[in-house]
$ cat input.txt   # compact mmCIF, C-alpha atoms
# COMPACT_ATOMS: atom_id res chain seq x y z
CA MET T 1359 -49.70 -140.04 1.95
CA ARG T 1360 -50.99 -138.93 -1.36
CA THR T 1361 -52.75 -135.97 0.26
CA ALA T 1362 -49.50 -134.97 1.94
CA THR T 1363 -47.72 -134.93 -1.42
CA ILE T 1364 -50.37 -133.02 -3.42
CA LEU T 1365 -50.93 -130.32 -0.79
CA PRO T 1366 -47.41 -128.85 -0.87
CA VAL T 1367 -47.46 -128.84 -4.73
CA ALA T 1368 -50.73 -126.92 -4.75
CA LEU T 1369 -49.39 -124.40 -2.24
CA ALA T 1370 -46.28 -123.92 -4.36
CA LEU T 1371 -48.33 -123.26 -7.51
CA ILE T 1372 -50.52 -120.72 -5.70
CA ALA T 1373 -47.47 -118.93 -4.29
CA GLY T 1374 -45.75 -118.75 -7.71
CA ASN T 1375 -48.81 -117.27 -9.40
CA ALA T 1376 -49.20 -114.68 -6.65
CA ILE T 1377 -45.60 -113.53 -6.99
CA ALA T 1378 -45.93 -113.23 -10.79
CA GLN T 1379 -49.08 -111.07 -10.41
CA VAL T 1380 -47.50 -108.76 -7.81
CA HIS T 1381 -44.38 -108.19 -9.99
CA PRO T 1382 -45.58 -108.10 -13.59
CA HIS T 1383 -42.59 -105.90 -14.71
CA GLY T 1384 -40.08 -106.53 -11.98
CA GLY T 1385 -36.42 -106.71 -12.84
CA HIS T 1386 -36.42 -104.17 -15.72
CA SER T 1387 -32.90 -102.75 -16.19
CA ALA T 1388 -31.99 -99.17 -17.14
CA ASN T 1389 -30.62 -100.13 -20.51
CA GLY T 1390 -33.87 -101.65 -21.78
CA HIS T 1391 -33.37 -105.43 -21.42
CA ASP T 1392 -36.38 -107.85 -21.46
CA HIS T 1393 -38.23 -109.40 -18.49
CA ALA T 1394 -35.58 -111.99 -17.78
CA ALA T 1395 -34.87 -110.63 -14.32
CA ALA T 1396 -38.54 -110.64 -13.26
CA SER T 1397 -39.18 -114.09 -14.63
CA GLY T 1398 -36.01 -115.34 -13.05
CA SER T 1399 -37.08 -114.02 -9.60
CA GLY T 1400 -40.50 -115.75 -9.69
CA GLN T 1401 -39.04 -118.86 -11.24
CA ALA T 1402 -36.48 -119.12 -8.43
CA VAL T 1403 -39.19 -119.11 -5.76
CA PHE T 1404 -41.21 -121.69 -7.68
CA ASP T 1405 -38.18 -123.93 -8.23
CA ALA T 1406 -37.34 -123.76 -4.53
CA ALA T 1407 -40.88 -124.75 -3.55
CA VAL T 1408 -41.01 -127.60 -6.04
CA THR T 1409 -37.62 -128.78 -4.91
CA ARG T 1410 -38.85 -128.99 -1.33
CA VAL T 1411 -41.98 -131.06 -2.31
CA PRO T 1412 -40.13 -134.33 -2.95
CA ASP T 1413 -38.10 -133.70 0.21
CA ALA T 1414 -41.29 -133.35 2.29
CA ALA T 1415 -42.66 -136.51 0.70
CA ARG T 1416 -39.48 -138.42 1.41
CA GLN T 1417 -39.48 -137.19 5.00
CA ALA T 1418 -43.06 -138.40 5.39
CA THR T 1419 -42.15 -141.86 4.08
CA GLY T 1420 -38.79 -142.00 5.85
CA GLU T 1421 -36.66 -141.78 2.64
CA PRO T 1422 -33.48 -139.68 2.73
CA ALA T 1423 -33.64 -136.22 1.18
CA VAL T 1424 -31.78 -135.55 -2.11
CA THR T 1425 -29.61 -132.41 -2.20
CA SER T 1426 -30.19 -130.36 -5.40
CA PRO T 1427 -27.73 -127.81 -6.81
CA GLN T 1428 -28.25 -124.22 -5.64
CA PRO T 1429 -29.45 -121.85 -8.39
CA ASP T 1430 -27.02 -119.19 -9.68
CA PRO T 1431 -28.03 -115.82 -8.18
CA HIS T 1432 -26.56 -114.07 -11.29
CA ALA T 1433 -28.24 -116.26 -13.88
CA GLY T 1434 -29.37 -114.18 -16.87
CA HIS T 1435 -27.21 -111.18 -15.92
CA ALA T 1436 -25.03 -109.71 -18.68
CA ASP T 1437 -21.28 -110.01 -18.17
CA ALA T 1438 -19.42 -106.95 -17.00
CA PRO T 1439 -17.40 -105.09 -19.65
CA GLY T 1440 -14.13 -106.85 -20.30
CA ASN T 1441 -15.23 -110.08 -18.56
CA THR T 1442 -14.94 -112.84 -21.14
CA GLN T 1443 -15.13 -115.83 -18.79
CA PRO T 1444 -18.61 -117.42 -18.35
CA SER T 1445 -20.00 -117.62 -14.81
CA ALA T 1446 -20.53 -120.99 -13.14
CA GLY T 1447 -23.95 -122.32 -13.87
CA ASP T 1448 -24.62 -119.70 -16.57
CA THR T 1449 -27.14 -121.32 -18.87
CA HIS T 1450 -26.75 -118.58 -21.53
CA GLN T 1451 -23.04 -118.87 -22.00
CA ASP T 1452 -23.43 -120.37 -25.49
CA HIS T 1453 -25.86 -117.67 -26.70
CA PRO T 1454 -24.45 -115.06 -29.17
CA PRO T 1455 -24.19 -111.50 -27.77
CA ALA T 1456 -26.92 -109.02 -28.58
CA ALA T 1457 -26.27 -106.41 -31.27
CA SER T 1458 -24.67 -103.24 -29.87
CA THR T 1459 -26.55 -100.01 -30.37
CA ASP T 1460 -23.87 -97.59 -29.05
CA GLY T 1461 -21.40 -98.00 -31.95
CA GLY T 1462 -18.84 -99.82 -29.79
CA THR T 1463 -18.84 -103.46 -30.93
CA GLY T 1464 -21.22 -105.65 -32.80
CA ALA T 1465 -23.05 -105.35 -36.09
CA GLY T 1466 -23.28 -101.51 -35.95
CA ALA T 1467 -19.52 -101.08 -35.72
CA HIS T 1468 -18.97 -103.67 -38.42
CA HIS T 1469 -21.34 -101.79 -40.73
CA ALA T 1470 -19.56 -98.46 -40.06
CA ALA T 1471 -16.20 -100.01 -40.94
CA ALA T 1472 -17.64 -101.47 -44.13
CA VAL T 1473 -18.97 -98.08 -45.29
CA THR T 1474 -15.44 -96.56 -45.28
CA GLN T 1475 -14.32 -99.00 -47.95
CA PRO T 1476 -15.07 -98.09 -51.61
CA VAL T 1477 -17.72 -100.15 -53.32
CA GLU T 1478 -15.36 -100.70 -56.26
CA PRO T 1479 -11.55 -100.69 -55.67
CA ILE T 1480 -9.73 -97.66 -57.15
CA PRO T 1481 -6.85 -98.77 -59.38
CA SER T 1482 -3.40 -97.22 -58.92
CA PRO T 1483 -2.33 -94.79 -61.70
CA THR T 1484 -0.01 -96.24 -64.29
CA ASP T 1485 2.69 -94.63 -66.42
CA ALA T 1486 0.25 -94.55 -69.33
CA ASP T 1487 -2.27 -92.63 -67.20
CA ARG T 1488 0.36 -90.08 -66.18
CA ALA T 1489 1.52 -89.63 -69.77
CA ALA T 1490 -2.06 -89.01 -70.91
CA ALA T 1491 -2.69 -86.48 -68.12
CA PHE T 1492 0.61 -84.59 -68.55
CA PRO T 1493 1.72 -84.83 -72.19
CA LEU T 1494 5.16 -83.59 -73.18
CA LEU T 1495 5.18 -80.32 -75.13
CA HIS T 1496 7.35 -80.50 -78.23
CA GLY T 1497 8.51 -77.63 -80.35
CA ASP T 1498 8.72 -73.92 -79.48
CA HIS T 1499 5.86 -73.66 -76.99
CA HIS T 1500 6.27 -70.59 -74.77
CA ALA T 1501 4.15 -69.27 -71.96
CA HIS T 1502 3.04 -66.25 -74.00
CA GLY T 1503 3.38 -67.68 -77.48
CA ASN T 1504 5.64 -66.36 -80.25
CA ALA T 1505 3.97 -62.97 -80.69
CA LEU T 1506 6.21 -60.07 -81.72
CA ASN T 1507 5.77 -56.70 -80.03
CA SER T 1508 7.42 -53.29 -80.10
CA PHE T 1509 7.90 -50.38 -77.72
CA VAL T 1510 9.32 -46.87 -78.17
CA ARG T 1511 9.96 -44.46 -75.30
CA PHE T 1512 11.59 -41.05 -75.05
CA ASN T 1513 12.47 -40.91 -71.38
CA ARG T 1514 13.91 -37.37 -71.68
CA PHE T 1515 13.21 -34.82 -74.38
CA GLU T 1516 13.99 -31.49 -72.76
CA ALA T 1517 15.35 -27.97 -73.16
CA TRP T 1518 16.91 -25.36 -70.87
CA ASP T 1519 17.99 -21.73 -70.89
CA ALA T 1520 20.95 -21.07 -68.55
CA ASP T 1521 23.71 -18.44 -68.25
CA PRO T 1522 26.10 -20.18 -70.69
CA GLY T 1523 23.26 -20.44 -73.18
CA SER T 1524 20.28 -22.52 -74.20
CA GLY T 1525 20.40 -26.18 -75.03
CA GLN T 1526 18.46 -29.35 -75.69
CA ALA T 1527 18.93 -32.99 -74.73
CA TRP T 1528 17.31 -36.31 -75.50
CA GLU T 1529 17.49 -39.88 -74.27
CA GLY T 1530 15.33 -42.65 -75.67
CA SER T 1531 15.11 -46.37 -76.33
CA ALA T 1532 13.09 -48.81 -78.40
CA TRP T 1533 12.80 -52.56 -78.74
CA PHE T 1534 11.22 -55.05 -81.12
CA GLY T 1535 10.78 -58.78 -80.48
CA GLY T 1536 9.28 -61.29 -78.09
CA ASP T 1537 9.40 -61.95 -74.36
CA VAL T 1538 12.89 -63.45 -74.38
CA GLN T 1539 14.76 -62.13 -77.43
CA ARG T 1540 14.64 -58.51 -78.55
CA LEU T 1541 16.38 -56.01 -80.79
CA TRP T 1542 17.20 -52.85 -78.82
CA LEU T 1543 17.90 -49.30 -80.05
CA ARG T 1544 19.24 -46.67 -77.63
CA SER T 1545 20.22 -43.09 -78.29
CA GLU T 1546 21.39 -40.11 -76.22
CA GLY T 1547 22.74 -36.66 -77.03
CA GLU T 1548 22.93 -32.92 -76.34
CA ARG T 1549 22.98 -29.68 -78.27
CA GLU T 1550 24.36 -26.36 -77.04
CA HIS T 1551 24.69 -22.98 -78.74
CA GLY T 1552 23.09 -24.40 -81.85
CA ARG T 1553 25.53 -27.27 -82.37
CA THR T 1554 25.55 -30.95 -81.39
CA THR T 1555 28.03 -31.54 -78.58
CA SER T 1556 27.35 -35.27 -78.16
CA ALA T 1557 25.26 -37.90 -79.91
CA ASP T 1558 25.34 -41.69 -80.13
CA LEU T 1559 23.24 -44.61 -81.36
CA GLU T 1560 23.35 -48.19 -80.05
CA VAL T 1561 22.05 -51.33 -81.77
CA LEU T 1562 21.90 -54.25 -79.34
CA TYR T 1563 20.68 -57.80 -79.15
CA GLY T 1564 18.96 -58.49 -75.84
CA ARG T 1565 18.09 -61.81 -74.27
CA GLY T 1566 16.16 -62.31 -71.05
CA ILE T 1567 18.10 -64.18 -68.37
CA SER T 1568 15.44 -63.80 -65.65
CA PRO T 1569 11.97 -62.26 -65.34
CA TRP T 1570 13.58 -58.86 -64.58
CA TRP T 1571 16.97 -58.79 -66.31
CA ASP T 1572 18.31 -58.79 -69.88
CA LEU T 1573 21.78 -59.32 -71.25
CA VAL T 1574 22.61 -56.98 -74.13
CA ALA T 1575 25.41 -57.03 -76.69
CA GLY T 1576 25.97 -55.04 -79.89
CA VAL T 1577 27.61 -51.92 -81.27
CA ARG T 1578 27.56 -48.20 -80.54
CA HIS T 1579 28.33 -45.41 -82.96
CA ASP T 1580 29.39 -41.93 -81.76
CA PHE T 1581 28.56 -39.03 -84.05
CA ALA T 1582 30.02 -36.36 -81.77
CA PRO T 1583 32.16 -34.99 -80.24
CA GLY T 1584 35.14 -35.20 -82.58
CA PRO T 1585 35.35 -37.72 -85.39
CA SER T 1586 32.87 -40.58 -85.41
CA ARG T 1587 33.82 -43.79 -83.65
CA ASN T 1588 32.48 -47.31 -83.17
CA TRP T 1589 32.39 -49.33 -79.99
CA ALA T 1590 31.54 -52.91 -79.07
CA ALA T 1591 28.98 -52.96 -76.27
CA PHE T 1592 28.21 -55.55 -73.56
CA GLY T 1593 25.98 -55.04 -70.56
CA VAL T 1594 22.90 -55.76 -68.48
CA GLN T 1595 19.69 -53.85 -67.89
CA GLY T 1596 16.58 -54.48 -65.87
CA LEU T 1597 14.65 -53.85 -62.68
CA SER T 1598 16.49 -54.37 -59.40
CA PRO T 1599 14.87 -54.97 -55.99
CA TYR T 1600 12.85 -51.99 -54.73
CA LYS T 1601 12.06 -51.15 -58.40
CA PHE T 1602 15.23 -49.32 -59.38
CA GLU T 1603 15.73 -49.29 -63.16
CA VAL T 1604 19.39 -50.12 -63.77
CA SER T 1605 21.49 -50.05 -66.91
CA ALA T 1606 25.22 -50.90 -66.90
CA THR T 1607 27.18 -51.21 -70.15
CA ALA T 1608 30.87 -51.61 -70.96
CA TYR T 1609 32.33 -50.41 -74.29
CA LEU T 1610 35.52 -51.37 -76.10
CA GLY T 1611 36.69 -49.00 -78.84
CA GLU T 1612 39.55 -48.33 -81.23
CA HIS T 1613 43.14 -47.87 -80.09
CA GLY T 1614 42.46 -49.60 -76.76
CA GLN T 1615 39.82 -47.13 -75.63
CA SER T 1616 37.30 -48.35 -73.08
CA GLU T 1617 34.34 -46.86 -71.31
CA PHE T 1618 31.78 -47.86 -68.70
CA ILE T 1619 28.41 -46.12 -68.23
CA ALA T 1620 26.00 -46.88 -65.40
CA GLU T 1621 22.56 -45.34 -64.95
CA VAL T 1622 20.01 -45.76 -62.13
CA GLU T 1623 16.46 -44.40 -62.12
CA TYR T 1624 13.58 -44.56 -59.70
CA GLU T 1625 9.93 -43.50 -59.99
CA LEU T 1626 8.17 -42.25 -56.87
CA LEU T 1627 4.39 -42.07 -57.29
CA LEU T 1628 3.18 -38.98 -55.37
CA THR T 1629 -0.38 -39.17 -56.68
CA ASN T 1630 -2.09 -41.24 -59.33
CA ARG T 1631 -0.64 -38.92 -62.04
CA LEU T 1632 2.15 -36.96 -60.35
CA VAL T 1633 5.48 -38.83 -60.48
CA LEU T 1634 8.88 -37.80 -59.13
CA GLN T 1635 11.83 -39.35 -61.00
CA PRO T 1636 15.39 -39.14 -59.60
CA LEU T 1637 18.27 -40.21 -61.87
CA VAL T 1638 22.02 -40.72 -61.45
CA GLU T 1639 24.48 -41.43 -64.28
CA LEU T 1640 28.23 -42.13 -64.08
CA GLU T 1641 30.86 -42.33 -66.85
CA LEU T 1642 34.29 -43.97 -66.41
CA ARG T 1643 37.03 -44.23 -69.04
CA GLY T 1644 40.07 -46.46 -69.36
CA ARG T 1645 42.53 -43.89 -70.79
CA ASP T 1646 42.84 -40.25 -71.80
CA ASP T 1647 41.49 -39.10 -75.17
CA PRO T 1648 42.62 -35.50 -75.84
CA ARG T 1649 40.80 -35.31 -79.18
CA ARG T 1650 37.46 -35.78 -77.40
CA GLY T 1651 38.44 -33.96 -74.24
CA THR T 1652 37.96 -36.92 -71.91
CA GLY T 1653 40.34 -38.32 -69.29
CA SER T 1654 40.83 -41.67 -67.57
CA GLY T 1655 39.04 -42.70 -64.40
CA LEU T 1656 35.77 -41.11 -63.32
CA SER T 1657 35.03 -38.76 -66.17
CA SER T 1658 31.65 -37.21 -65.34
CA ALA T 1659 28.59 -37.60 -63.14
CA GLU T 1660 25.06 -36.33 -63.57
CA ALA T 1661 22.18 -36.22 -61.08
CA GLY T 1662 18.69 -35.10 -61.93
CA LEU T 1663 15.30 -34.77 -60.32
CA ARG T 1664 12.27 -34.48 -62.58
CA LEU T 1665 8.61 -34.07 -61.66
CA ARG T 1666 6.12 -35.06 -64.33
CA TYR T 1667 2.36 -34.98 -64.64
CA GLU T 1668 0.85 -37.80 -66.70
CA ILE T 1669 -1.95 -36.30 -68.75
CA THR T 1670 -2.24 -39.80 -70.14
CA ARG T 1671 -0.06 -42.79 -69.39
CA ARG T 1672 1.63 -42.25 -72.75
CA PHE T 1673 2.31 -38.52 -72.54
CA ALA T 1674 3.60 -36.50 -69.57
CA PRO T 1675 5.20 -33.01 -69.41
CA TYR T 1676 7.76 -32.43 -66.68
CA VAL T 1677 10.06 -29.90 -65.02
CA GLY T 1678 13.31 -30.72 -63.30
CA LEU T 1679 16.65 -29.75 -61.86
CA VAL T 1680 19.90 -31.22 -63.25
CA HIS T 1681 23.42 -31.03 -61.88
CA GLU T 1682 26.44 -32.14 -63.94
CA ARG T 1683 30.09 -32.28 -62.93
CA THR T 1684 33.34 -33.44 -64.52
CA PHE T 1685 36.36 -34.93 -62.74
CA GLY T 1686 40.09 -35.52 -63.24
CA SER T 1687 41.61 -35.00 -66.67
CA THR T 1688 38.19 -34.37 -68.19
CA ALA T 1689 37.78 -31.32 -65.92
CA GLU T 1690 41.27 -30.11 -66.97
CA TYR T 1691 40.39 -30.35 -70.66
CA ARG T 1692 37.25 -28.29 -70.05
CA ARG T 1693 39.14 -25.58 -68.21
CA GLU T 1694 41.58 -25.35 -71.11
CA ASP T 1695 38.65 -24.88 -73.50
CA GLY T 1696 37.12 -22.22 -71.24
CA GLU T 1697 34.13 -24.38 -70.23
CA ALA T 1698 32.71 -24.86 -66.75
CA VAL T 1699 33.54 -28.08 -64.92
CA ARG T 1700 30.13 -28.14 -63.20
CA ASP T 1701 26.72 -26.95 -64.24
CA THR T 1702 23.30 -26.73 -62.59
CA ARG T 1703 20.24 -25.93 -64.67
CA TRP T 1704 16.45 -26.05 -64.72
CA VAL T 1705 14.94 -28.11 -67.51
CA ALA T 1706 11.48 -28.61 -68.97
CA GLY T 1707 10.39 -31.28 -71.36
CA VAL T 1708 8.03 -34.13 -72.18
CA ARG T 1709 8.14 -37.87 -71.76
CA TRP T 1710 6.14 -40.12 -74.04
CA TRP T 1711 5.96 -43.66 -75.28
CA PHE T 1712 4.05 -45.68 -77.87

$ encode --input "input.txt" --output "structure tokens"
Amino acid sequence: MRTATILPVALALIAGNAIAQVHPHGGHSANGHDHAAASGSGQAVFDAAVTRVPDAARQATGEPAVTSPQPDPHAGHADAPGNTQPSAGDTHQDHPPAASTDGGTGAGAHHAAAVTQPVEPIPSPTDADRAAAFPLLHGDHHAHGNALNSFVRFNRFEAWDADPGSGQAWEGSAWFGGDVQRLWLRSEGEREHGRTTSADLEVLYGRGISPWWDLVAGVRHDFAPGPSRNWAAFGVQGLSPYKFEVSATAYLGEHGQSEFIAEVEYELLLTNRLVLQPLVELELRGRDDPRRGTGSGLSSAEAGLRLRYEITRRFAPYVGLVHERTFGSTAEYRREDGEAVRDTRWVAGVRWWF
């Protein structure tokens, strides 16, 4: 009886050792787990043999066999992704999961989330912080300071020699002040046959209303023709879109006289120093003035085309063609005086500024 019991146990031990030697690394998985599968396979055979030993002994002695629970064929296997329920008979259901190495879940992912958080919390800016970063500027602080500058330019200083006779003409302007407020001086006139036929001087206060436009207001004094006269002046001047230089001024004079003068210029750069400058000027009057030989409505119009060569940016000689025409009552006054109502002439002159 004793020999019958010991013999099956010895055979079971020999069989278990043989299986372990034949499969030293059996059950390795592709993702690098330990030898749990191999050990589990050998252990299952050994457990089955040992389980049968008492049964053989009981059969030899006539005792009834005891039924033992069947081992779980998936014992030691990792749960499938998303399966959170433990398998029946799983002896590792209470063990914590291994650390994940693919950044999905586990300690690696927890560490990555922790790195995104600042080591020391950043406080929210307060009103005091904003006031210190952007202090209010008090007083007369301007983008370009309070510097005073000046500019003088003779846009036309020319002469001609035509059939009626020779003549000269000028047109210039100057300003003194800052970027926003300036004192303007403007003058224009002509001489023919050795005498001054027209001359005026304007003194204006100008204030910038935009980066390209100024409002001007002041007085104008006429020296000729006829007796001298004063006018109140109001207007705008500046640079329109497409770089047209525009000047439009209305004048109110004595005895209800009124006048409006508009001038438009453009500079076309042919080369770095050769510049073509077209110009158009219109004069309109509110009522007739026989003493000065001007009539109401559109009084006169002048169109010119001048080509200059800039020896320096400050000094440029030019040649040009000018056409002038009078209209309405102004043309009638000229006919009565024996003067032409239209005139076309070649001019030559210089343009400079400082």

$ atom_distance --input "input.txt" --atom1 "atom CA of T:Asn1630" --atom2 "atom CA of T:Tyr1667"
9.3 Å

$ residues_around --input "input.txt" --residues "T:Leu1640" --least-positions-apart "3" --cutoff "10 Å" --atoms "only C-alpha atoms" --output "MDAnalysis selection string"
chainID T and resid 1606 1618:1622 1656:1661

$ atom_distance --input "input.txt" --atom1 "atom CA of T:Leu1665" --atom2 "atom CA of T:Gly1678"
6.0 Å

$ atom_distance --input "input.txt" --atom1 "atom CA of T:Gly1584" --atom2 "atom CA of T:Ala1557"
10.6 Å

$ closest_residue --input "input.txt" --among "T:Leu1637, T:Ala1591, T:Leu1679, T:Ala1517" --to "T:Glu1625" --atoms "only C-alpha atoms"
T:Leu1637

$ residues_around --input "input.txt" --residues "stretch 1697-1711 of chain T" --least-positions-apart "6" --cutoff "10 Å" --atoms "all atoms listed in the file" --output "short mmCIF file (atom, residue, chain, number, x, y, z; two decimals) with C-alpha atoms, in the frame of the given file"
data_model
loop_
_atom_site.label_atom_id
_atom_site.label_comp_id
_atom_site.auth_asym_id
_atom_site.auth_seq_id
_atom_site.Cartn_x
_atom_site.Cartn_y
_atom_site.Cartn_z
CA PHE T 1509 7.90 -50.38 -77.72
CA VAL T 1510 9.32 -46.87 -78.17
CA ARG T 1511 9.96 -44.46 -75.30
CA PHE T 1512 11.59 -41.05 -75.05
CA ASN T 1513 12.47 -40.91 -71.38
CA ARG T 1514 13.91 -37.37 -71.68
CA PHE T 1515 13.21 -34.82 -74.38
CA GLU T 1516 13.99 -31.49 -72.76
CA ALA T 1517 15.35 -27.97 -73.16
CA TRP T 1518 16.91 -25.36 -70.87
CA ASP T 1519 17.99 -21.73 -70.89
CA ALA T 1520 20.95 -21.07 -68.55
CA ASP T 1521 23.71 -18.44 -68.25
CA PRO T 1522 26.10 -20.18 -70.69
CA GLY T 1525 20.40 -26.18 -75.03
CA GLN T 1526 18.46 -29.35 -75.69
CA ALA T 1527 18.93 -32.99 -74.73
CA TRP T 1528 17.31 -36.31 -75.50
CA GLU T 1529 17.49 -39.88 -74.27
CA GLY T 1530 15.33 -42.65 -75.67
CA SER T 1531 15.11 -46.37 -76.33
CA ALA T 1532 13.09 -48.81 -78.40
CA SER T 1658 31.65 -37.21 -65.34
CA ALA T 1659 28.59 -37.60 -63.14
CA GLU T 1660 25.06 -36.33 -63.57
CA ALA T 1661 22.18 -36.22 -61.08
CA GLY T 1662 18.69 -35.10 -61.93
CA LEU T 1663 15.30 -34.77 -60.32
CA ARG T 1664 12.27 -34.48 -62.58
CA LEU T 1665 8.61 -34.07 -61.66
CA ARG T 1666 6.12 -35.06 -64.33
CA TYR T 1667 2.36 -34.98 -64.64
CA GLU T 1668 0.85 -37.80 -66.70
CA THR T 1670 -2.24 -39.80 -70.14
CA ARG T 1671 -0.06 -42.79 -69.39
CA ARG T 1672 1.63 -42.25 -72.75
CA PHE T 1673 2.31 -38.52 -72.54
CA ALA T 1674 3.60 -36.50 -69.57
CA PRO T 1675 5.20 -33.01 -69.41
CA TYR T 1676 7.76 -32.43 -66.68
CA VAL T 1677 10.06 -29.90 -65.02
CA GLY T 1678 13.31 -30.72 -63.30
CA LEU T 1679 16.65 -29.75 -61.86
CA VAL T 1680 19.90 -31.22 -63.25
CA HIS T 1681 23.42 -31.03 -61.88
CA GLU T 1682 26.44 -32.14 -63.94
CA ARG T 1683 30.09 -32.28 -62.93
CA THR T 1684 33.34 -33.44 -64.52
CA PHE T 1685 36.36 -34.93 -62.74
CA THR T 1688 38.19 -34.37 -68.19
CA ALA T 1689 37.78 -31.32 -65.92
CA GLU T 1690 41.27 -30.11 -66.97
CA TYR T 1691 40.39 -30.35 -70.66
#

$ closest_residue --input "input.txt" --among "T:Arg1565, T:Arg1549, T:Arg1649, T:His1613" --to "T:Gly1593" --atoms "only C-alpha atoms"
T:Arg1565

$ residues_around --input "input.txt" --residues "T:Ser1598" --least-positions-apart "5" --cutoff "9 Å" --atoms "all atoms listed in the file" --output "PyMOL selection string"
chain T and resi 1570-1571+1603-1604

$ closest_residue --input "input.txt" --among "T:Leu1634, T:Val1577, T:Leu1559, T:Leu1506" --to "T:Gly1547" --atoms "only C-alpha atoms"
T:Leu1559

$ closest_residue --input "input.txt" --among "T:Asp1485, T:Asp1537, T:Glu1550, T:Glu1639" --to "T:Asn1507" --atoms "all atoms listed in the file"
T:Asp1537

$ axis_aligned_box --input "input.txt" --around "stretch 1556-1564 of chain T" --padding-each-side "6 Å" --output "lines of an AutoDock Vina configuration file"
center_x = 23.2
center_y = -46.9
center_z = -78.8
size_x = 20.4
size_y = 35.2
size_z = 17.9

$ closest_residue --input "input.txt" --among "T:Pro1599, T:Thr1652, T:Pro1636, T:His1579" --to "T:Glu1612" --atoms "only C-alpha atoms"
T:His1579

$ decode --input "input.txt" --residues "stretch 1653-1668 of chain T" --atoms "N, CA and C atoms" --output "PDB file, in the first residue's frame"
ATOM      1  N   GLY T1653     -15.003 138.613 -64.043  1.00  0.00           N
ATOM      2  CA  GLY T1653     -16.443 138.407 -64.050  1.00  0.00           C
ATOM      3  C   GLY T1653     -16.835 137.230 -63.162  1.00  0.00           C
ATOM      4  N   SER T1654     -18.143 137.077 -62.964  1.00  0.00           N
ATOM      5  CA  SER T1654     -18.662 136.021 -62.096  1.00  0.00           C
ATOM      6  C   SER T1654     -18.586 134.678 -62.811  1.00  0.00           C
ATOM      7  N   GLY T1655     -18.702 133.620 -62.004  1.00  0.00           N
ATOM      8  CA  GLY T1655     -18.630 132.271 -62.545  1.00  0.00           C
ATOM      9  C   GLY T1655     -17.184 131.831 -62.745  1.00  0.00           C
ATOM     10  N   LEU T1656     -17.000 130.895 -63.697  1.00  0.00           N
ATOM     11  CA  LEU T1656     -15.648 130.430 -64.003  1.00  0.00           C
ATOM     12  C   LEU T1656     -14.892 131.564 -64.681  1.00  0.00           C
ATOM     13  N   SER T1657     -13.889 132.068 -64.008  1.00  0.00           N
ATOM     14  CA  SER T1657     -13.150 133.215 -64.498  1.00  0.00           C
ATOM     15  C   SER T1657     -12.002 132.815 -65.409  1.00  0.00           C
ATOM     16  N   SER T1658     -11.144 131.901 -64.972  1.00  0.00           N
ATOM     17  CA  SER T1658      -9.988 131.505 -65.781  1.00  0.00           C
ATOM     18  C   SER T1658      -9.570 130.084 -65.426  1.00  0.00           C
ATOM     19  N   ALA T1659      -8.830 129.484 -66.343  1.00  0.00           N
ATOM     20  CA  ALA T1659      -8.287 128.138 -66.130  1.00  0.00           C
ATOM     21  C   ALA T1659      -6.900 128.086 -66.735  1.00  0.00           C
ATOM     22  N   GLU T1660      -6.023 127.376 -66.056  1.00  0.00           N
ATOM     23  CA  GLU T1660      -4.640 127.242 -66.530  1.00  0.00           C
ATOM     24  C   GLU T1660      -4.211 125.787 -66.409  1.00  0.00           C
ATOM     25  N   ALA T1661      -3.557 125.290 -67.461  1.00  0.00           N
ATOM     26  CA  ALA T1661      -3.029 123.928 -67.464  1.00  0.00           C
ATOM     27  C   ALA T1661      -1.588 123.988 -67.927  1.00  0.00           C
ATOM     28  N   GLY T1662      -0.729 123.303 -67.199  1.00  0.00           N
ATOM     29  CA  GLY T1662       0.694 123.327 -67.534  1.00  0.00           C
ATOM     30  C   GLY T1662       1.323 121.960 -67.435  1.00  0.00           C
ATOM     31  N   LEU T1663       2.398 121.785 -68.183  1.00  0.00           N
ATOM     32  CA  LEU T1663       3.146 120.536 -68.160  1.00  0.00           C
ATOM     33  C   LEU T1663       4.617 120.904 -68.143  1.00  0.00           C
ATOM     34  N   ARG T1664       5.296 120.557 -67.052  1.00  0.00           N
ATOM     35  CA  ARG T1664       6.687 120.956 -66.870  1.00  0.00           C
ATOM     36  C   ARG T1664       7.554 119.720 -66.631  1.00  0.00           C
ATOM     37  N   LEU T1665       8.709 119.719 -67.303  1.00  0.00           N
ATOM     38  CA  LEU T1665       9.655 118.615 -67.186  1.00  0.00           C
ATOM     39  C   LEU T1665      10.925 119.156 -66.547  1.00  0.00           C
ATOM     40  N   ARG T1666      11.270 118.618 -65.401  1.00  0.00           N
ATOM     41  CA  ARG T1666      12.439 119.129 -64.670  1.00  0.00           C
ATOM     42  C   ARG T1666      13.482 118.035 -64.488  1.00  0.00           C
ATOM     43  N   TYR T1667      14.721 118.493 -64.359  1.00  0.00           N
ATOM     44  CA  TYR T1667      15.830 117.579 -64.084  1.00  0.00           C
ATOM     45  C   TYR T1667      16.449 118.000 -62.761  1.00  0.00           C
ATOM     46  N   GLU T1668      16.422 117.077 -61.777  1.00  0.00           N
ATOM     47  CA  GLU T1668      16.900 117.402 -60.432  1.00  0.00           C
ATOM     48  C   GLU T1668      18.409 117.189 -60.365  1.00  0.00           C
TER      49      GLU T1668
END
